[in-house]
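Data file: structure.cif. Format and content: mmCIF, C-alpha atoms.
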```
data_input
#
loop_
_atom_site.label_atom_id
_atom_site.label_comp_id
_atom_site.auth_asym_id
_atom_site.auth_seq_id
_atom_site.Cartn_x
_atom_site.Cartn_y
_atom_site.Cartn_z
CA MET S 1 12.83 -8.49 -19.00
CA GLY S 2 12.59 -6.77 -15.64
CA LYS S 3 10.27 -7.43 -12.75
CA VAL S 4 7.47 -5.05 -11.90
CA VAL S 5 6.97 -4.84 -8.13
CA VAL S 6 4.21 -2.80 -6.52
CA VAL S 7 4.76 -1.48 -3.01
CA THR S 8 1.30 -1.17 -1.53
CA SER S 9 -0.63 -1.26 1.75
CA GLY S 10 -4.13 0.15 1.62
CA LYS S 11 -3.52 2.20 4.74
CA GLY S 12 -1.57 5.43 4.54
CA GLY S 13 1.48 6.28 6.59
CA VAL S 14 2.75 2.75 7.08
CA GLY S 15 5.95 3.27 5.08
CA LYS S 16 5.29 2.57 1.39
CA THR S 17 7.39 5.45 0.12
CA THR S 18 10.16 4.90 2.68
CA SER S 19 10.25 1.21 1.76
CA THR S 20 10.22 1.88 -2.00
CA ALA S 21 13.18 4.24 -1.64
CA ALA S 22 15.11 1.96 0.73
CA LEU S 23 14.58 -1.24 -1.26
CA GLY S 24 15.17 0.47 -4.60
CA ALA S 25 18.44 2.04 -3.47
CA VAL S 26 19.85 -1.17 -2.09
CA LEU S 27 18.82 -3.17 -5.18
CA ALA S 28 20.53 -0.56 -7.38
CA GLN S 29 23.65 -0.68 -5.22
CA THR S 30 24.05 -4.34 -6.04
CA GLY S 31 24.27 -3.35 -9.70
CA LYS S 32 20.67 -3.89 -10.75
CA LYS S 33 19.05 -1.26 -12.93
CA VAL S 34 16.16 0.08 -10.89
CA VAL S 35 13.44 2.62 -11.59
CA LEU S 36 11.05 3.88 -8.94
CA ILE S 37 7.66 5.13 -10.15
CA ASP S 38 5.60 7.36 -7.89
CA PHE S 39 1.93 6.61 -8.53
CA ASP S 40 0.63 9.03 -5.93
CA VAL S 41 -0.69 11.58 -8.39
CA GLY S 42 -1.53 14.81 -6.60
CA LEU S 43 0.41 13.91 -3.46
CA ARG S 44 3.83 12.94 -4.73
CA ASN S 45 6.48 12.43 -2.10
CA LEU S 46 8.94 9.86 -3.40
CA ASP S 47 10.88 12.73 -5.01
CA LEU S 48 11.23 14.37 -1.59
CA VAL S 49 12.26 11.18 0.21
CA MET S 50 14.82 10.55 -2.56
CA GLY S 51 16.12 14.14 -2.34
CA ALA S 52 15.22 14.84 -5.97
CA GLU S 53 12.39 17.33 -5.42
CA ARG S 54 14.25 20.18 -7.09
CA ARG S 55 15.14 18.13 -10.14
CA VAL S 56 11.57 17.30 -11.21
CA VAL S 57 10.82 18.78 -14.63
CA PHE S 58 8.45 16.29 -16.22
CA ASP S 59 6.38 13.59 -14.55
CA LEU S 60 4.51 10.34 -15.12
CA VAL S 61 1.35 12.09 -16.33
CA ASN S 62 3.35 14.22 -18.81
CA VAL S 63 4.80 11.03 -20.25
CA THR S 64 1.51 9.15 -20.50
CA GLN S 65 -0.08 12.17 -22.18
CA GLY S 66 2.77 12.51 -24.66
CA VAL S 67 3.85 15.92 -23.37
CA ALA S 68 7.31 14.65 -22.52
CA LYS S 69 9.49 11.73 -23.51
CA LEU S 70 10.18 9.07 -20.92
CA SER S 71 13.89 9.88 -21.07
CA GLN S 72 13.12 13.51 -20.21
CA ALA S 73 11.08 12.60 -17.15
CA LEU S 74 13.44 10.01 -15.64
CA ILE S 75 15.68 11.42 -12.92
CA ARG S 76 18.98 9.65 -12.37
CA ASP S 77 19.99 9.35 -8.73
CA LYS S 78 23.13 11.29 -7.82
CA ARG S 79 24.39 8.63 -5.43
CA VAL S 80 23.70 5.35 -7.21
CA GLU S 81 24.25 5.29 -10.97
CA THR S 82 21.73 2.60 -11.81
CA LEU S 83 18.86 4.13 -9.80
CA PHE S 84 16.18 6.23 -11.49
CA LEU S 85 13.00 7.96 -10.42
CA LEU S 86 9.86 8.72 -12.38
CA PRO S 87 7.98 11.27 -10.29
CA ALA S 88 4.22 11.60 -9.97
CA SER S 89 2.38 14.65 -11.16
CA GLN S 90 1.02 17.27 -8.76
CA THR S 91 -2.15 17.71 -10.82
CA ARG S 92 -5.47 17.64 -9.03
CA ASP S 93 -7.11 15.82 -11.91
CA LYS S 94 -7.89 12.38 -10.53
CA ASP S 95 -8.28 10.85 -13.96
CA ALA S 96 -4.97 12.15 -15.28
CA LEU S 97 -3.63 8.61 -15.41
CA THR S 98 -5.13 6.16 -17.86
CA GLU S 99 -4.66 2.43 -17.90
CA GLU S 100 -3.33 2.55 -21.48
CA GLY S 101 -0.84 5.25 -20.52
CA VAL S 102 0.43 3.32 -17.52
CA ALA S 103 0.58 0.10 -19.56
CA SER S 104 2.79 1.74 -22.14
CA VAL S 105 5.17 3.38 -19.63
CA VAL S 106 5.50 0.25 -17.49
CA GLY S 107 5.93 -1.83 -20.65
CA ILE S 108 8.86 0.26 -21.85
CA LEU S 109 10.49 0.46 -18.42
CA ARG S 110 10.34 -3.27 -17.80
CA GLU S 111 12.32 -3.78 -21.02
CA LYS S 112 15.07 -1.42 -19.89
CA PHE S 113 15.31 -2.05 -16.15
CA ASP S 114 15.80 -5.05 -13.92
CA TYR S 115 13.31 -3.74 -11.36
CA VAL S 116 10.38 -1.39 -11.76
CA LEU S 117 9.18 -0.46 -8.26
CA CYS S 118 5.72 1.11 -8.22
CA ASP S 119 5.06 3.21 -5.12
CA SER S 120 1.29 2.98 -4.66
CA PRO S 121 -0.89 5.72 -3.20
CA ALA S 122 -2.87 4.82 -0.07
CA GLY S 123 -6.44 3.64 -0.46
CA ILE S 124 -8.06 1.18 -2.82
CA GLU S 125 -9.18 3.61 -5.49
CA ARG S 126 -8.08 4.10 -9.06
CA GLY S 127 -4.52 5.24 -8.30
CA ALA S 128 -3.81 2.25 -6.10
CA GLN S 129 -5.36 -0.11 -8.64
CA LEU S 130 -3.30 1.36 -11.48
CA ALA S 131 -0.12 1.02 -9.41
CA MET S 132 -0.73 -2.71 -8.96
CA ARG S 133 -2.30 -3.34 -12.37
CA PHE S 134 0.79 -4.63 -14.21
CA ALA S 135 2.72 -5.98 -11.24
CA ASP S 136 4.49 -9.35 -11.21
CA GLU S 137 5.11 -9.13 -7.49
CA ALA S 138 3.74 -7.15 -4.59
CA VAL S 139 5.31 -5.94 -1.37
CA ILE S 140 2.52 -5.37 1.13
CA VAL S 141 3.77 -2.94 3.77
CA THR S 142 2.07 -3.62 7.09
CA ASN S 143 2.41 -2.19 10.58
CA PRO S 144 1.72 -4.61 13.45
CA GLU S 145 -1.50 -2.80 14.24
CA VAL S 146 -5.15 -3.77 13.64
CA SER S 147 -6.16 -1.17 11.05
CA SER S 148 -3.06 -1.71 8.97
CA VAL S 149 -3.47 -5.50 8.98
CA ARG S 150 -7.12 -5.21 8.01
CA ASP S 151 -6.29 -2.90 5.09
CA SER S 152 -3.49 -5.19 3.98
CA ASP S 153 -5.99 -8.02 3.84
CA ARG S 154 -8.20 -5.89 1.64
CA ILE S 155 -5.27 -5.07 -0.65
CA ILE S 156 -4.40 -8.77 -0.92
CA GLY S 157 -7.97 -9.31 -2.11
CA LEU S 158 -7.48 -6.66 -4.80
CA LEU S 159 -4.12 -8.12 -5.86
CA ASP S 160 -5.88 -11.44 -6.36
CA SER S 161 -8.70 -9.97 -8.44
CA LYS S 162 -7.91 -6.62 -10.05
CA THR S 163 -4.42 -7.14 -11.45
CA LEU S 164 -3.71 -8.15 -15.04
CA LYS S 165 -2.02 -11.31 -13.79
CA ALA S 166 -5.10 -12.26 -11.76
CA GLU S 167 -7.37 -11.65 -14.74
CA GLN S 168 -5.15 -13.86 -16.88
CA GLY S 169 -5.52 -16.68 -14.37
CA GLU S 170 -2.02 -16.26 -12.96
CA SER S 171 -1.22 -14.63 -9.66
CA VAL S 172 0.90 -11.80 -8.37
CA THR S 173 3.63 -13.07 -6.03
CA LYS S 174 2.90 -11.46 -2.70
CA HIS S 175 5.22 -10.64 0.18
CA VAL S 176 4.46 -8.98 3.50
CA LEU S 177 6.95 -6.42 4.78
CA VAL S 178 6.30 -5.63 8.43
CA THR S 179 7.52 -2.14 9.30
CA ARG S 180 7.82 -0.19 12.55
CA TYR S 181 8.14 -3.41 14.50
CA ASP S 182 9.11 -3.19 18.13
CA PRO S 183 10.30 -6.63 19.28
CA ALA S 184 10.26 -5.63 22.95
CA ARG S 185 6.63 -4.57 22.85
CA ALA S 186 5.68 -7.67 20.87
CA ALA S 187 7.43 -9.83 23.49
CA ARG S 188 5.40 -8.12 26.22
CA GLY S 189 2.18 -8.86 24.33
CA GLU S 190 1.56 -5.20 23.61
CA MET S 191 1.99 -5.51 19.87
CA LEU S 192 0.86 -8.09 17.32
CA SER S 193 3.73 -10.49 16.76
CA ILE S 194 5.15 -11.35 13.35
CA ASP S 195 3.53 -14.77 13.62
CA ASP S 196 0.14 -13.16 14.34
CA VAL S 197 0.40 -10.91 11.28
CA LEU S 198 1.55 -13.72 8.99
CA GLU S 199 -1.08 -16.12 10.20
CA ILE S 200 -3.86 -13.59 9.73
CA LEU S 201 -2.69 -12.52 6.26
CA SER S 202 -1.44 -15.99 5.24
CA THR S 203 1.18 -14.41 3.03
CA PRO S 204 4.95 -15.06 3.18
CA LEU S 205 7.24 -12.60 4.93
CA LEU S 206 9.76 -10.48 3.02
CA GLY S 207 11.26 -8.78 6.02
CA ILE S 208 10.86 -7.20 9.42
CA ILE S 209 11.84 -3.56 9.63
CA PRO S 210 12.34 -2.49 13.24
CA GLU S 211 11.10 0.88 14.43
CA SER S 212 14.10 3.15 14.02
CA GLN S 213 14.93 6.81 14.39
CA GLY S 214 17.23 6.50 11.39
CA VAL S 215 14.22 6.37 9.07
CA LEU S 216 13.14 9.90 9.94
CA ARG S 217 16.73 11.16 9.86
CA ALA S 218 17.04 9.75 6.32
CA SER S 219 13.86 11.34 5.03
CA ASN S 220 14.83 14.63 6.66
CA VAL S 221 17.89 14.81 4.45
CA GLY S 222 16.30 13.25 1.37
CA SER S 223 18.21 10.00 1.24
CA PRO S 224 16.97 6.40 1.43
CA VAL S 225 17.84 4.97 4.85
CA THR S 226 19.83 2.19 3.17
CA LEU S 227 22.19 4.82 1.69
CA ASN S 228 22.09 7.35 4.49
CA GLU S 229 22.88 4.98 7.36
CA PRO S 230 23.71 1.57 5.91
CA THR S 231 24.59 0.13 9.32
CA ASN S 232 21.33 1.22 10.93
CA ALA S 233 19.09 -1.66 12.04
CA ALA S 234 16.24 -0.66 9.70
CA ALA S 235 18.65 -0.22 6.79
CA ARG S 236 20.12 -3.69 7.35
CA ALA S 237 16.64 -5.16 7.52
CA TYR S 238 15.80 -3.48 4.20
CA ALA S 239 19.01 -4.83 2.68
CA ASP S 240 18.04 -8.35 3.74
CA ALA S 241 14.53 -7.86 2.38
CA ALA S 242 15.97 -6.73 -0.96
CA LYS S 243 18.06 -9.91 -1.13
CA ARG S 244 14.97 -12.02 -0.48
CA LEU S 245 13.13 -10.11 -3.19
CA GLN S 246 15.87 -11.26 -5.57
CA GLY S 247 15.27 -14.84 -4.49
CA GLU S 248 18.16 -15.19 -2.07
CA ASP S 249 17.58 -17.27 1.02
CA VAL S 250 18.45 -14.97 3.91
CA PRO S 251 17.64 -16.09 7.45
CA MET S 252 15.05 -13.92 9.14
CA VAL S 253 16.87 -12.28 12.03
CA LEU S 254 15.69 -9.07 13.53
CA PRO S 255 18.55 -6.59 13.35
CA VAL S 256 18.95 -4.67 16.56
CA GLU S 257 20.39 -1.22 16.92
CA LYS S 258 23.92 -1.28 18.24
CA LYS S 259 23.88 0.32 21.65
CA GLY S 260 26.78 2.60 22.40
CA LEU S 261 28.52 2.13 25.73
CA LEU S 262 27.28 5.48 26.98
CA ASN S 263 23.68 4.71 26.05
CA ARG S 264 24.00 1.34 27.67
CA LEU S 265 25.26 2.86 30.88
CA LEU S 266 22.53 5.46 30.90
CA GLY S 267 19.98 2.78 30.08
CA ARG S 268 18.67 4.95 27.31
CA ARG S 269 16.02 3.40 25.15
CA VAL S 270 17.14 2.79 21.64
CA ALA S 271 14.49 2.92 18.97
CA MET P 1 -3.47 -5.56 42.13
CA SER P 2 -1.55 -8.76 41.75
CA LEU P 3 1.34 -9.37 39.41
CA LEU P 4 -0.98 -11.38 37.21
CA ASP P 5 -3.27 -8.38 36.75
CA ILE P 6 -0.40 -6.29 35.44
CA PHE P 7 0.47 -9.02 32.99
CA LYS P 8 -3.15 -9.38 31.86
CA ARG P 9 -3.57 -5.67 31.29
CA ARG P 10 -0.49 -5.51 29.13
CA ALA P 11 -1.21 -8.41 26.84
CA SER P 12 -3.53 -6.61 24.45
CA ALA P 13 -2.04 -8.22 21.34
CA PRO P 14 -4.08 -11.44 21.72
CA VAL P 15 -7.22 -9.29 21.78
CA ALA P 16 -6.12 -7.56 18.57
CA ARG P 17 -5.39 -10.89 16.99
CA GLU P 18 -8.76 -12.36 17.86
CA ARG P 19 -10.70 -9.28 16.75
CA LEU P 20 -8.90 -9.31 13.43
CA GLN P 21 -9.50 -13.00 12.86
CA VAL P 22 -13.25 -12.64 13.45
CA LEU P 23 -13.56 -9.47 11.37
CA LEU P 24 -11.51 -10.69 8.43
CA ALA P 25 -13.35 -14.01 8.26
CA TYR P 26 -16.55 -12.00 7.83
CA GLU P 27 -15.07 -9.49 5.38
CA ARG P 28 -13.46 -12.12 3.19
CA ASN P 29 -16.80 -13.86 2.89
CA ASN P 30 -18.57 -10.75 1.75
CA ARG P 31 -15.78 -9.52 -0.48
CA ASN P 32 -16.50 -11.71 -3.45
CA GLN P 33 -20.18 -10.89 -3.48
CA PRO P 34 -21.00 -7.98 -5.72
CA ASP P 35 -22.14 -4.84 -3.98
CA LEU P 36 -25.86 -5.53 -3.83
CA VAL P 37 -26.88 -1.97 -2.99
CA ALA P 38 -24.88 -0.56 -5.90
CA ILE P 39 -26.45 -3.01 -8.36
CA LEU P 40 -29.96 -2.38 -7.06
CA ARG P 41 -29.38 1.34 -7.21
CA GLU P 42 -28.23 1.19 -10.81
CA GLU P 43 -31.13 -0.97 -11.97
CA ILE P 44 -33.76 0.96 -10.03
CA MET P 45 -32.39 4.19 -11.49
CA ALA P 46 -32.67 2.75 -14.97
CA VAL P 47 -36.31 1.79 -14.44
CA ILE P 48 -37.22 5.19 -13.00
CA ALA P 49 -35.36 7.04 -15.75
CA LYS P 50 -37.60 5.37 -18.31
CA HIS P 51 -40.60 7.20 -16.91
CA VAL P 52 -39.48 10.25 -14.99
CA GLN P 53 -36.42 12.41 -14.91
CA VAL P 54 -34.66 12.29 -11.58
CA SER P 55 -31.07 13.02 -10.75
CA GLN P 56 -28.79 10.56 -8.98
CA ASP P 57 -28.95 12.67 -5.84
CA ASP P 58 -32.72 12.31 -5.59
CA VAL P 59 -32.56 8.56 -5.16
CA LYS P 60 -31.44 7.25 -1.81
CA ILE P 61 -31.07 3.53 -1.37
CA THR P 62 -30.03 2.07 1.94
CA MET P 63 -29.82 -1.43 3.21
CA GLU P 64 -30.11 -2.19 6.87
CA ARG P 65 -28.93 -5.62 7.85
CA GLY P 66 -30.81 -7.36 10.60
CA LYS P 67 -30.16 -10.73 12.16
CA THR P 68 -32.84 -12.63 10.26
CA THR P 69 -34.07 -10.12 7.69
CA SER P 70 -32.71 -6.98 6.13
CA THR P 71 -34.62 -3.88 5.13
CA LEU P 72 -34.16 -2.20 1.79
CA GLU P 73 -35.19 1.41 1.89
CA ILE P 74 -35.68 3.30 -1.34
CA ASP P 75 -36.34 7.00 -1.08
CA ILE P 76 -36.99 8.76 -4.37
CA HIS P 77 -37.67 12.45 -4.65
CA ILE P 78 -39.48 13.24 -7.89
CA PRO P 79 -39.48 16.90 -8.73
CA ASN P 80 -42.91 18.28 -9.59
CA GLY P 81 -43.28 18.29 -13.33
CA GLY P 82 -40.72 15.56 -13.64
CA ALA P 83 -43.45 13.10 -14.57
CA ALA P 84 -44.07 15.13 -17.73
CA ALA P 85 -41.20 13.24 -19.24
CA SER P 86 -43.19 10.02 -19.12
CA PRO P 87 -43.39 8.37 -22.49
CA ALA P 88 -46.54 8.72 -24.55
CA PHE P 89 -48.55 5.56 -25.09
#
```

How does this structure look as structure tokens?
Amino acid sequence: MGKVVVVTSGKGGVGKTTSTAALGAVLAQTGKKVVLIDFDVGLRNLDLVMGAERRVVFDLVNVTQGVAKLSQALIRDKRVETLFLLPASQTRDKDALTEEGVASVVGILREKFDYVLCDSPAGIERGAQLAMRFADEAVIVTNPEVSSVRDSDRIIGLLDSKTLKAEQGESVTKHVLVTRYDPARAARGEMLSIDDVLEILSTPLLGIIPESQGVLRASNVGSPVTLNEPTNAAARAYADAAKRLQGEDVPMVLPVEKKGLLNRLLGRRVA
Amino acid sequence: MSLLDIFKRRASAPVARERLQVLLAYERNNRNQPDLVAILREEIMAVIAKHVQVSQDDVKITMERGKTTSTLEIDIHIPNGGAAASPAF
């Protein structure tokens, strides 16, 4: 029986979709069967980040409504054999997803896959609540910035009250994934430090993803950063985070971008 | 401007941290309480609906929180003729 992991944040634009793609790809590379579900109905983007936008025929809503079979809607990744994507629908109907529909799809997928990663929409409304509803674990993507931390705190509150696990008296295992971290700025006291974020959210850390230009390069070409530039600092941080998600004990070191000699001589800033 | 001033100006993270700690302590406290205004609104609507027909948009309920007391303001617009729906005794 596979694990259902929701990737959530409350705030938009902090890196949920990027993180879902990057973690999913690296988990699949290690041989795990992984399916990524885009829950952002109306504003799907995981297909684009995964480079599968032209292969979408059926979507999550089609499956829950019985229009298409699950096997017809799943898109197999062209790079990693054990990686699949279930895209969101572009419908404008907010109530297109029902709890029963999601329960049935997630139920089937968790039987067939080792990891079901649910990419949550931003916000705390219905879509976000459905994405987390059946989760065993949660990755809370947080930027070291006040509004993101506040929204993460709100999402933690929802994970502890609105999920099936919470209602059954159990709890969703929560992890914080800090993204867009700039260690130099944090050292200068210009950015909340990892310790600050963890202390405020009192939730264990899954990983620290440094700010990196490789992330945009990867989404430009429609490939998870962990596949597109595996040696990139952010990609390595995602790979470590994926190991921790599987229960491995990986020391928390902040990967730094390797500076080329030329860049070093020119003193160019490396992001 | 001394060197210390430059350092002080830059270290904005401690400010962020403190603001968050104060805010979240307050928000966490209020989170588990049901939304009082929403409950009041629903129940007041139910009472009014028994006697007159008003739409949701005609009932405005706001709560202003003061330091020692809070004010609950209920503003109901009853369309003329709406009272005709009152039940017969």

Chain P near chain S within 7 Å: what's each residue's closest atom pair and its distance in Å to one decimal, counting only C-alpha atoms, ordered by chain then ascending residue number, as a Markdown table?
```
| residue | atom | partner | partner_atom | distance |
| --- | --- | --- | --- | --- |
| P:Arg10 | CA | S:Glu190 | CA | 5.9 |
| P:Ala11 | CA | S:Gly189 | CA | 4.2 |
| P:Ser12 | CA | S:Glu190 | CA | 5.3 |
| P:Ala13 | CA | S:Leu192 | CA | 5.0 |
| P:Ala16 | CA | S:Val146 | CA | 6.3 |
| P:Arg17 | CA | S:Asp196 | CA | 6.5 |
| P:Leu20 | CA | S:Val146 | CA | 6.7 |
| P:Gln21 | CA | S:Ile200 | CA | 6.5 |
```

Those residues with C-alpha atoms, as a JSON list (two decimals), keeping the file's coordinate frame please?
```json
[["chain", "number", "residue", "atom", "x", "y", "z"],
["P", 10, "ARG", "CA", -0.49, -5.51, 29.13],
["P", 11, "ALA", "CA", -1.21, -8.41, 26.84],
["P", 12, "SER", "CA", -3.53, -6.61, 24.45],
["P", 13, "ALA", "CA", -2.04, -8.22, 21.34],
["P", 16, "ALA", "CA", -6.12, -7.56, 18.57],
["P", 17, "ARG", "CA", -5.39, -10.89, 16.99],
["P", 20, "LEU", "CA", -8.90, -9.31, 13.43],
["P", 21, "GLN", "CA", -9.50, -13.00, 12.86]]
```

For the contact check between stretch 58-154 of chain S and stretch 33-41 of chain S, emit one row per residue of stretch 58-154 of chain S within 7 Å, containing the shortest atom pair and the distance in Å rounded to one decimal, counting only C-alpha atoms, chain then rising number order, as a Markdown table.
```
| residue | atom | partner | partner_atom | distance |
| --- | --- | --- | --- | --- |
| S:Thr82 | CA | S:Lys33 | CA | 4.8 |
| S:Leu83 | CA | S:Val34 | CA | 5.0 |
| S:Phe84 | CA | S:Val35 | CA | 4.5 |
| S:Leu85 | CA | S:Leu36 | CA | 4.8 |
| S:Leu86 | CA | S:Ile37 | CA | 4.8 |
| S:Pro87 | CA | S:Asp38 | CA | 5.2 |
| S:Ala88 | CA | S:Asp38 | CA | 4.9 |
| S:Ser89 | CA | S:Val41 | CA | 5.2 |
| S:Gln90 | CA | S:Val41 | CA | 6.0 |
| S:Thr91 | CA | S:Val41 | CA | 6.8 |
| S:Phe113 | CA | S:Lys33 | CA | 5.0 |
| S:Asp114 | CA | S:Lys33 | CA | 5.1 |
| S:Tyr115 | CA | S:Val34 | CA | 4.8 |
| S:Val116 | CA | S:Val35 | CA | 5.0 |
| S:Leu117 | CA | S:Leu36 | CA | 4.8 |
| S:Cys118 | CA | S:Ile37 | CA | 4.9 |
| S:Asp119 | CA | S:Asp38 | CA | 5.0 |
| S:Ser120 | CA | S:Phe39 | CA | 5.3 |
| S:Pro121 | CA | S:Asp40 | CA | 4.6 |
| S:Gly127 | CA | S:Phe39 | CA | 6.6 |
| S:Ala131 | CA | S:Phe39 | CA | 6.0 |
```

Let me know the centre plus edge lengths, in Å and rounded to one decimal, of a box with edges along x, y and z that contains all listed atoms of stretch 129-138 of chain S and is padded by 5 Å on every side, as JSON.
```
{"center_x": -0.1, "center_y": -4.0, "center_z": -9.4, "size_x": 20.5, "size_y": 20.7, "size_z": 19.6}
```

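Between atom CA of S:Ser219 and atom CA of S:Asn45 there is a distance of 10.3 Å.
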
(message) I want to know what sits within 8 Å of stretch 34-48 of chain P, based on all atoms listed in the file, with residues of the same chain fewer than 4 positions away left out; could you give that as number ranges by chain?
(response) P: 52-54, 56, 59, 61-63

(message) Once the PyMOL selection byres ((chain S and resi 142) around 7) has been evaluated on this model, what residues remain selected, and can you format them as a PyMOL selection string?
(response) chain S and resi 9+14+140-141+143-144+148-149+152+176-179

Could you dump the residues just selected with C-alpha atoms as a CSV table (one decimal), in the frame of the given file?
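File part_0.csv, as written:
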```
chain,number,residue,atom,x,y,z
S,9,SER,CA,-0.6,-1.3,1.8
S,14,VAL,CA,2.8,2.8,7.1
S,140,ILE,CA,2.5,-5.4,1.1
S,141,VAL,CA,3.8,-2.9,3.8
S,143,ASN,CA,2.4,-2.2,10.6
S,144,PRO,CA,1.7,-4.6,13.4
S,148,SER,CA,-3.1,-1.7,9.0
S,149,VAL,CA,-3.5,-5.5,9.0
S,152,SER,CA,-3.5,-5.2,4.0
S,176,VAL,CA,4.5,-9.0,3.5
S,177,LEU,CA,7.0,-6.4,4.8
S,178,VAL,CA,6.3,-5.6,8.4
S,179,THR,CA,7.5,-2.1,9.3
```

(request) Might you spell out which residues the PyMOL selection byres ((chain S and resi 227) around 9) would select in the displayed file, as a list in words? (result) Ala22, Ala25, Val26, Gln29, Arg79, Ala218, Ser223, Pro224, Val225, Thr226, Asn228, Glu229, Pro230 and Ala235 of chain S

(message) What does the structure give for the distance between atom CA of P:Lys50 and atom CA of P:Ile78, in Å to one decimal?
(response) 13.2 Å

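Minimum atom-to-atom distance to P:Ser55, evaluated using all atoms listed in the file, belongs to P:Pro79 out of P:Leu23, P:Pro79, P:Glu18, P:Arg31.
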
(request) Determine, counting only C-alpha atoms, which protein, DNA and RNA residues have an atom within 9 Å of an atom of S:Gly222; residues of the same chain fewer than 4 positions away are not included. Present the result as a PyMOL selection string. (result) chain S and resi 47-53+217-218+228

(message) List the spatial neighbours of stretch 98-111 of chain S as a list in words - criterion: any atom at most 8 Å away, all atoms listed in the file, same-chain residues fewer than 3 positions off excluded.
(response) Met1, Gly2, Lys3, Val4, Val35, Val63, Thr64, Gln65, Leu70, Asp95, Asp114, Tyr115, Val116, Leu130 and Phe134 of chain S

(request) I would like the residues chosen by the PyMOL selection byres ((chain S and resi 209) around 7) on the shown file; could you give them as a ChimeraX atom specification? (result) /S:178-181,207-208,210-211,234,237-238

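The space between atom CA of P:Val15 and atom CA of S:Ala122 spans 26.4 Å.
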
(request) Kindly indicate which residue among S:Val7, S:Leu97, S:Ser202, S:Glu137 lies nearest to S:Ala21, using all atoms listed in the file for the distances. (result) S:Val7
